[in-house]
Amino acid sequence: MRLRIFTDLEARLSRVRLVDDKYIYCRPKRDPDAKLPGVPAINHVGLWNENTARLTQMRPFNPPGIFVEFLPVLWSPLSRGAVHGDMTVRLHFVTATLAQTDTPYRDEALRRFRLIRAVKLALNGFSGGADEQGRSFSQFQYSGSDTDHNHEQICEDLEEWRTHCIDCSASVDDGYILTPRNVTLDTGDIFADAFSEEMV
C-alpha cells in the first residue's frame with residue numbers, strides 16, 4: 001500500500017512546477033504527451049529518514065525537497081485476507097533560505113508557504129482507484145500542519161493528509177480475484193449445494 005501511495009504521490013508532485021518564478025500545479029490534460037511548462041518546483045522526493053537531523057551524513061540534495069512519512073496504521077480485516085485502515089501521510093517540506101520577513105527579501109522568506117499552497121492544490125481530490133493488485137486509497141483529506149519556527153538556513157514544515165486504504169492484494173493473483181474454491185458456471189458442481197437445480 002505504501003509503495004502504491006508513494007509512487008502516485010511522486011507522480012502528482014512532479015506536476016508542481018516553477019513558472020516565471022511562481023509555483024503552479026499543472027492539472028493532467030487529455031494529451032499525456034503534453035509538455036509541462038517551466039521546471040520542476042520540487043528537486044527531490046523521497047522517504048523520510050530524519051533527514052534534517054543528519055544532513056551532513058546523507059546524500060546531498062538541492063532544496064526544496066519533500067520527504068514522505070507514513071504514520072502507523074491499524075489494519076482491520078475484511079474477508080479473504082483483505083484489510084482496510086486509515087492512514088496518515090505526513091509530508092516534510094525541506095527548504096533553505098537565510099532571508100527574513102523584515103528585509104527586502106521578504107518574498108524569498110515566505111516562498112516556502114507558496115510551495116505548500118501549490119502542493120495542497122495538487123493533492124486536492126487526490127485518490128487512487130483499485131489497481132491490478134486490488135489496492136486503493138480514498139481521496140486525501142488535509143488534516144494538519146506544523147510550521148517550523150525554530151530554524152536557521154534549513155527549514156522543515158510538516159503537512160498531513162489522511163486517507164482510507166483498502167488492500168485486497170492477498171485475494172488477487174495476476175489481476176484475477178481468488179475464490180475459496182474453484183468456480184465453474186457450466187456444470188453446477190460447485191453451486192449445487194448452495195442453489196436449487198433451477199439456478200444451476
# chains A, B, ... in the order shown; residues from 1 in each chain; ligands from 1
>>> select_by_dssp(residues="chain A", states="strand (DSSP E or B)", output="count of residues only")
64
>>> atom_distance(atom1="atom CA of Tyr23 of chain A", atom2="atom CA of Asn51 of chain A")
23.9 Å
>>> closest_residue(among="A:Arg30, A:Asn62, A:Glu10, A:Ser138", to="Val45 of chain A", atoms="only C-alpha atoms")
A:Glu10
>>> select_by_dssp(residues="segment 30-172 of chain A", states="helix (DSSP H, G or I)", output="PyMOL selection string")
chain A and resi 51-57+106-109+111-122+169-171
>>> atom_distance(atom1="atom CA of Ala96 of chain A", atom2="atom CA of Gly144 of chain A")
22.1 Å
>>> atom_distance(atom1="atom CA of Trp48 of chain A", atom2="atom CA of Phe61 of chain A")
13.4 Å
>>> residues_around(residues="Val16 of chain A", least_positions_apart="4", cutoff="12 Å", atoms="only C-alpha atoms", output="PDB file with N, CA and C atoms, in the first residue's frame")
ATOM      1  N   LEU A   9       2.051   9.599  -5.362  1.00  0.00           N
ATOM      2  CA  LEU A   9       2.408  10.924  -4.843  1.00  0.00           C
ATOM      3  C   LEU A   9       3.560  11.531  -5.633  1.00  0.00           C
ATOM      4  N   GLU A  10       4.560  10.719  -5.908  1.00  0.00           N
ATOM      5  CA  GLU A  10       5.729  11.186  -6.649  1.00  0.00           C
ATOM      6  C   GLU A  10       5.313  11.722  -8.021  1.00  0.00           C
ATOM      7  N   ALA A  11       4.419  10.986  -8.686  1.00  0.00           N
ATOM      8  CA  ALA A  11       3.947  11.425  -9.999  1.00  0.00           C
ATOM      9  C   ALA A  11       3.139  12.717  -9.885  1.00  0.00           C
ATOM     10  N   ARG A  12       2.321  12.813  -8.845  1.00  0.00           N
ATOM     11  CA  ARG A  12       1.493  14.012  -8.675  1.00  0.00           C
ATOM     12  C   ARG A  12       2.356  15.236  -8.379  1.00  0.00           C
ATOM     13  N   LYS A  22       6.996  31.499 -10.135  1.00  0.00           N
ATOM     14  CA  LYS A  22       5.791  31.222  -9.352  1.00  0.00           C
ATOM     15  C   LYS A  22       5.540  29.722  -9.334  1.00  0.00           C
ATOM     16  N   TYR A  23       5.074  29.231  -8.185  1.00  0.00           N
ATOM     17  CA  TYR A  23       4.720  27.821  -8.067  1.00  0.00           C
ATOM     18  C   TYR A  23       3.305  27.615  -8.586  1.00  0.00           C
ATOM     19  N   ILE A  24       3.149  26.672  -9.505  1.00  0.00           N
ATOM     20  CA  ILE A  24       1.822  26.362 -10.025  1.00  0.00           C
ATOM     21  C   ILE A  24       1.656  24.843 -10.088  1.00  0.00           C
ATOM     22  N   TYR A  25       0.397  24.409 -10.066  1.00  0.00           N
ATOM     23  CA  TYR A  25       0.095  22.994 -10.258  1.00  0.00           C
ATOM     24  C   TYR A  25      -0.514  22.822 -11.639  1.00  0.00           C
ATOM     25  N   CYS A  26       0.090  21.974 -12.444  1.00  0.00           N
ATOM     26  CA  CYS A  26      -0.394  21.714 -13.798  1.00  0.00           C
ATOM     27  C   CYS A  26      -1.298  20.486 -13.778  1.00  0.00           C
ATOM     28  N   ARG A  27      -2.572  20.700 -13.947  1.00  0.00           N
ATOM     29  CA  ARG A  27      -3.522  19.588 -13.936  1.00  0.00           C
ATOM     30  C   ARG A  27      -3.301  18.691 -15.152  1.00  0.00           C
ATOM     31  N   PRO A  28      -3.504  17.377 -14.967  1.00  0.00           N
ATOM     32  CA  PRO A  28      -3.360  16.469 -16.117  1.00  0.00           C
ATOM     33  C   PRO A  28      -4.335  16.836 -17.227  1.00  0.00           C
ATOM     34  N   LEU A  36       5.094  19.810 -19.950  1.00  0.00           N
ATOM     35  CA  LEU A  36       4.775  20.641 -18.793  1.00  0.00           C
ATOM     36  C   LEU A  36       5.557  21.947 -18.879  1.00  0.00           C
ATOM     37  N   PRO A  37       4.948  23.050 -18.462  1.00  0.00           N
ATOM     38  CA  PRO A  37       5.653  24.338 -18.519  1.00  0.00           C
ATOM     39  C   PRO A  37       6.704  24.451 -17.422  1.00  0.00           C
ATOM     40  N   GLY A  38       7.625  25.381 -17.602  1.00  0.00           N
ATOM     41  CA  GLY A  38       8.606  25.686 -16.571  1.00  0.00           C
ATOM     42  C   GLY A  38       9.506  24.522 -16.214  1.00  0.00           C
ATOM     43  N   VAL A  39       9.937  24.512 -14.957  1.00  0.00           N
ATOM     44  CA  VAL A  39      10.828  23.470 -14.439  1.00  0.00           C
ATOM     45  C   VAL A  39      10.193  22.880 -13.185  1.00  0.00           C
ATOM     46  N   PRO A  40      10.619  21.677 -12.778  1.00  0.00           N
ATOM     47  CA  PRO A  40      10.061  21.103 -11.545  1.00  0.00           C
ATOM     48  C   PRO A  40      10.291  22.020 -10.348  1.00  0.00           C
ATOM     49  N   ALA A  41       9.254  22.207  -9.549  1.00  0.00           N
ATOM     50  CA  ALA A  41       9.374  23.059  -8.362  1.00  0.00           C
ATOM     51  C   ALA A  41      10.018  22.316  -7.204  1.00  0.00           C
ATOM     52  N   ILE A  42       9.927  20.989  -7.230  1.00  0.00           N
ATOM     53  CA  ILE A  42      10.455  20.159  -6.142  1.00  0.00           C
ATOM     54  C   ILE A  42      11.638  19.372  -6.695  1.00  0.00           C
ATOM     55  N   ASN A  43      12.802  19.598  -6.124  1.00  0.00           N
ATOM     56  CA  ASN A  43      14.017  18.981  -6.654  1.00  0.00           C
ATOM     57  C   ASN A  43      14.230  17.552  -6.187  1.00  0.00           C
ATOM     58  N   VAL A  45      12.099  14.138  -4.114  1.00  0.00           N
ATOM     59  CA  VAL A  45      11.013  13.493  -3.377  1.00  0.00           C
ATOM     60  C   VAL A  45      11.548  12.163  -2.874  1.00  0.00           C
ATOM     61  N   PRO A  64      14.237  22.988  -2.893  1.00  0.00           N
ATOM     62  CA  PRO A  64      13.326  22.339  -1.948  1.00  0.00           C
ATOM     63  C   PRO A  64      13.153  20.846  -2.228  1.00  0.00           C
ATOM     64  N   ILE A  66      10.790  17.274  -0.732  1.00  0.00           N
ATOM     65  CA  ILE A  66       9.658  16.786   0.059  1.00  0.00           C
ATOM     66  C   ILE A  66       9.929  15.333   0.416  1.00  0.00           C
ATOM     67  N   ARG A 114       4.328  29.394  -0.277  1.00  0.00           N
ATOM     68  CA  ARG A 114       3.765  29.328  -1.630  1.00  0.00           C
ATOM     69  C   ARG A 114       3.918  27.920  -2.208  1.00  0.00           C
ATOM     70  N   LEU A 115       5.027  27.273  -1.882  1.00  0.00           N
ATOM     71  CA  LEU A 115       5.212  25.889  -2.321  1.00  0.00           C
ATOM     72  C   LEU A 115       4.185  24.979  -1.647  1.00  0.00           C
ATOM     73  N   ILE A 116       3.985  25.159  -0.356  1.00  0.00           N
ATOM     74  CA  ILE A 116       2.990  24.357   0.368  1.00  0.00           C
ATOM     75  C   ILE A 116       1.605  24.570  -0.237  1.00  0.00           C
ATOM     76  N   ARG A 117       1.291  25.808  -0.570  1.00  0.00           N
ATOM     77  CA  ARG A 117      -0.015  26.109  -1.169  1.00  0.00           C
ATOM     78  C   ARG A 117      -0.193  25.375  -2.496  1.00  0.00           C
ATOM     79  N   ALA A 118       0.861  25.336  -3.309  1.00  0.00           N
ATOM     80  CA  ALA A 118       0.781  24.650  -4.606  1.00  0.00           C
ATOM     81  C   ALA A 118       0.610  23.147  -4.424  1.00  0.00           C
ATOM     82  N   VAL A 119       1.291  22.572  -3.431  1.00  0.00           N
ATOM     83  CA  VAL A 119       1.164  21.132  -3.183  1.00  0.00           C
ATOM     84  C   VAL A 119      -0.228  20.809  -2.647  1.00  0.00           C
ATOM     85  N   LYS A 120      -0.769  21.656  -1.790  1.00  0.00           N
ATOM     86  CA  LYS A 120      -2.137  21.446  -1.305  1.00  0.00           C
ATOM     87  C   LYS A 120      -3.116  21.433  -2.469  1.00  0.00           C
ATOM     88  N   LEU A 121      -2.909  22.316  -3.418  1.00  0.00           N
ATOM     89  CA  LEU A 121      -3.764  22.342  -4.599  1.00  0.00           C
ATOM     90  C   LEU A 121      -3.604  21.058  -5.409  1.00  0.00           C
ATOM     91  N   ALA A 122      -2.364  20.574  -5.518  1.00  0.00           N
ATOM     92  CA  ALA A 122      -2.104  19.347  -6.279  1.00  0.00           C
ATOM     93  C   ALA A 122      -2.773  18.136  -5.639  1.00  0.00           C
ATOM     94  N   LEU A 123      -2.863  18.121  -4.315  1.00  0.00           N
ATOM     95  CA  LEU A 123      -3.426  16.962  -3.622  1.00  0.00           C
ATOM     96  C   LEU A 123      -4.926  17.091  -3.373  1.00  0.00           C
TER      97      LEU A 123
END
>>> closest_residue(among="A:Leu91, A:Glu50, A:Ser169, A:Leu71", to="Gln133 of chain A", atoms="only C-alpha atoms")
A:Ser169
